[in-house]
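Worksheet: the structure to be examined is printed underneath.
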Amino acid sequence: FASPGGYASLSNSMTPDMQLQFQLSPSEAFLVGVTGGYKTLLPRLQTDNAYEAENLVSSFTSNAFIRVKTKPVTFKVQGIFAQNAYDGLMIGGFAVKDIVDPAKDYRTYTPVNTMSAWMDIHTNGKKWQAGVFAGYSQNLGSADEIADTVFSSGLHGTYMRGANIDYLYRVSPRVIFNAGKFRIAGEFEYTAAAYATSADTGGLNIDEFGKITDSELVANYRLLMSVYYFF
């Protein structure tokens, strides 16, 4: 998946996104693993004032996961800490840290941290299966202060997905009926996201690290029904 601004920032850097994973599976019933990754982006080759741009933004990601499968049920859980997790389809990304030379438009960048955790449990029946998925993600902000111009310009200095989201979560139960090569499945989703509220100054309630200081929860519901034929 593309990074903020498309694929250009990754190809510009000439450095691959490197991931290292360890898995342990002593039996088919148990799996545990951890992953670490490092990524470097070059957001721009040229500043808006036509000077060569060389400032990079580097980020680290990690996760841990477990799967336990017994005869009646299967249980899965995963926790993730990620910097600049935009290309992982998570909220977050990176932002302008400072404009070190306004005349030439030289900028430095800082990654925004995100955490996420999810679990899934389902029965293993051949005819009937029931399960539930639950997930949570939160914007942890940046370790460095973000440039003041980012907030005064309506978040235009952020390269993020959901820069105005504090946290979000989803709970989704499902049921599956199998009959030979046919399957009928139904799922109900409840998804909620906490969006930054407006500040008295006219901007959003976001601090200098990109953390939401005041938010309002907005929720939606979705019902999914599907029919499968396997051949």
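By convention here, the chains of the structure tokens are called A, B, ... in the order presented, each chain's residues are numbered starting at 1, and ligands are numbered starting at 1 in the order presented.
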
Using only C-alpha atoms, which residues of range 21-74 of chain A come within 6 Å of range 116-125 of chain A, and what is the closest atom pair for each, with the distance in Å to one decimal? Give it as CSV, sorted by chain and residue number.
residue,atom,partner,partner_atom,distance
A:Pro72,CA,A:Asn124,CA,5.4
A:Val73,CA,A:Thr123,CA,4.2
A:Thr74,CA,A:His122,CA,5.5

For the selection you just gave me, I'd like the residues written to a file as a PDB file, in the first residue's frame, keeping all heavy atoms.
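File produced: selection-v2.pdb:
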ATOM      1  N   PRO A  72     -13.070 -26.937  19.891  1.00  0.00           N
ATOM      2  CA  PRO A  72     -14.313 -26.150  19.805  1.00  0.00           C
ATOM      3  C   PRO A  72     -14.125 -24.726  19.298  1.00  0.00           C
ATOM      4  O   PRO A  72     -14.990 -24.192  18.604  1.00  0.00           O
ATOM      5  CB  PRO A  72     -14.830 -26.150  21.246  1.00  0.00           C
ATOM      6  CG  PRO A  72     -13.613 -26.339  22.093  1.00  0.00           C
ATOM      7  CD  PRO A  72     -12.684 -27.202  21.287  1.00  0.00           C
ATOM      8  N   VAL A  73     -12.987 -24.043  19.635  1.00  0.00           N
ATOM      9  CA  VAL A  73     -12.852 -22.626  19.299  1.00  0.00           C
ATOM     10  C   VAL A  73     -11.429 -22.304  18.838  1.00  0.00           C
ATOM     11  O   VAL A  73     -10.474 -23.026  19.148  1.00  0.00           O
ATOM     12  CB  VAL A  73     -13.214 -21.706  20.490  1.00  0.00           C
ATOM     13  CG1 VAL A  73     -14.654 -21.887  20.907  1.00  0.00           C
ATOM     14  CG2 VAL A  73     -12.262 -21.937  21.651  1.00  0.00           C
ATOM     15  N   THR A  74     -11.314 -21.188  18.097  1.00  0.00           N
ATOM     16  CA  THR A  74     -10.022 -20.614  17.723  1.00  0.00           C
ATOM     17  C   THR A  74      -9.969 -19.184  18.241  1.00  0.00           C
ATOM     18  O   THR A  74     -10.923 -18.409  18.067  1.00  0.00           O
ATOM     19  CB  THR A  74      -9.835 -20.608  16.200  1.00  0.00           C
ATOM     20  OG1 THR A  74      -9.807 -21.955  15.723  1.00  0.00           O
ATOM     21  CG2 THR A  74      -8.528 -19.926  15.807  1.00  0.00           C
TER      22      THR A  74
END

Expected answer as an MDAnalysis selection string: strand (DSSP E) residues in range 79-172 of chain A: chainID A and resid 79:83 92:101 106:123 128:142 158:161 165:172

Among the residues A:Tyr51, A:Phe60, A:Phe30, A:Tyr136, the one that comes closest to Thr191 in chain A [using only C-alpha atoms]: A:Tyr136

Contact residues around Glu54 in chain A with only C-alpha atoms at 8 Å, ignoring same-chain residues under 3 positions, as a list in words: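 These residues fall inside the cut-off: Leu42, Arg44 and Leu45 of chain A.
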
Residue nearest Gly141 in chain A among A:Thr15, A:Thr70, A:Thr114, A:Gln129 (counting only C-alpha atoms): A:Thr114

Contacts of Ala103 in chain A at 12 Å (only C-alpha atoms; same-chain gap of 4+ positions) as a ChimeraX atom specification: /A:47-51,99,107

What does the file look like for those residues with N, CA, C and O atoms, as a JSON list (two decimals), in the first residue's frame?
[["chain", "number", "residue", "atom", "x", "y", "z"],
["A", 47, "THR", "N", 11.91, 21.33, -2.94],
["A", 47, "THR", "CA", 11.05, 22.17, -2.13],
["A", 47, "THR", "C", 10.10, 22.96, -3.02],
["A", 47, "THR", "O", 10.25, 23.00, -4.25],
["A", 48, "ASP", "N", 9.12, 23.59, -2.38],
["A", 48, "ASP", "CA", 8.17, 24.40, -3.15],
["A", 48, "ASP", "C", 8.84, 25.61, -3.78],
["A", 48, "ASP", "O", 8.29, 26.22, -4.70],
["A", 49, "ASN", "N", 10.04, 25.95, -3.29],
["A", 49, "ASN", "CA", 10.79, 27.08, -3.84],
["A", 49, "ASN", "C", 11.93, 26.63, -4.77],
["A", 49, "ASN", "O", 12.89, 27.36, -5.01],
["A", 50, "ALA", "N", 11.80, 25.37, -5.26],
["A", 50, "ALA", "CA", 12.70, 24.83, -6.30],
["A", 50, "ALA", "C", 14.12, 24.57, -5.82],
["A", 50, "ALA", "O", 15.06, 24.62, -6.62],
["A", 51, "TYR", "N", 14.29, 24.25, -4.53],
["A", 51, "TYR", "CA", 15.60, 23.82, -4.03],
["A", 51, "TYR", "C", 15.56, 22.32, -3.78],
["A", 51, "TYR", "O", 14.51, 21.74, -3.48],
["A", 99, "ILE", "N", 10.18, 24.12, 9.86],
["A", 99, "ILE", "CA", 10.61, 24.71, 8.59],
["A", 99, "ILE", "C", 11.91, 25.45, 8.91],
["A", 99, "ILE", "O", 11.89, 26.58, 9.41],
["A", 107, "ARG", "N", 12.39, 21.59, 5.13],
["A", 107, "ARG", "CA", 11.55, 21.08, 6.22],
["A", 107, "ARG", "C", 12.16, 19.82, 6.83],
["A", 107, "ARG", "O", 12.80, 19.03, 6.14]]

d(CA of Ile91 in chain A, CA of Asp148 in chain A) in Å: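 Taking CA of Ile91 in chain A and CA of Asp148 in chain A, their separation equals 21.1 Å.
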
Members of range 21-211 of chain A assigned alpha helix (DSSP H) by DSSP, as a PyMOL selection string: chain A and resi 148-152

Atoms to include: N, CA and C atoms. Write the selected residues as a PDB file, in the first residue's frame.
ATOM      1  N   ASP A 148       4.196  24.851  14.211  1.00  0.00           N
ATOM      2  CA  ASP A 148       2.975  25.616  14.464  1.00  0.00           C
ATOM      3  C   ASP A 148       2.171  25.832  13.192  1.00  0.00           C
ATOM      4  N   THR A 149       2.853  25.948  12.075  1.00  0.00           N
ATOM      5  CA  THR A 149       2.163  26.220  10.809  1.00  0.00           C
ATOM      6  C   THR A 149       1.244  25.075  10.401  1.00  0.00           C
ATOM      7  N   VAL A 150       1.503  23.874  10.909  1.00  0.00           N
ATOM      8  CA  VAL A 150       0.647  22.739  10.576  1.00  0.00           C
ATOM      9  C   VAL A 150      -0.765  22.978  11.085  1.00  0.00           C
ATOM     10  N   PHE A 151      -0.876  23.487  12.300  1.00  0.00           N
ATOM     11  CA  PHE A 151      -2.191  23.667  12.902  1.00  0.00           C
ATOM     12  C   PHE A 151      -2.861  24.958  12.436  1.00  0.00           C
ATOM     13  N   SER A 152      -2.066  25.969  12.140  1.00  0.00           N
ATOM     14  CA  SER A 152      -2.648  27.216  11.671  1.00  0.00           C
ATOM     15  C   SER A 152      -3.097  27.135  10.218  1.00  0.00           C
TER      16      SER A 152
END
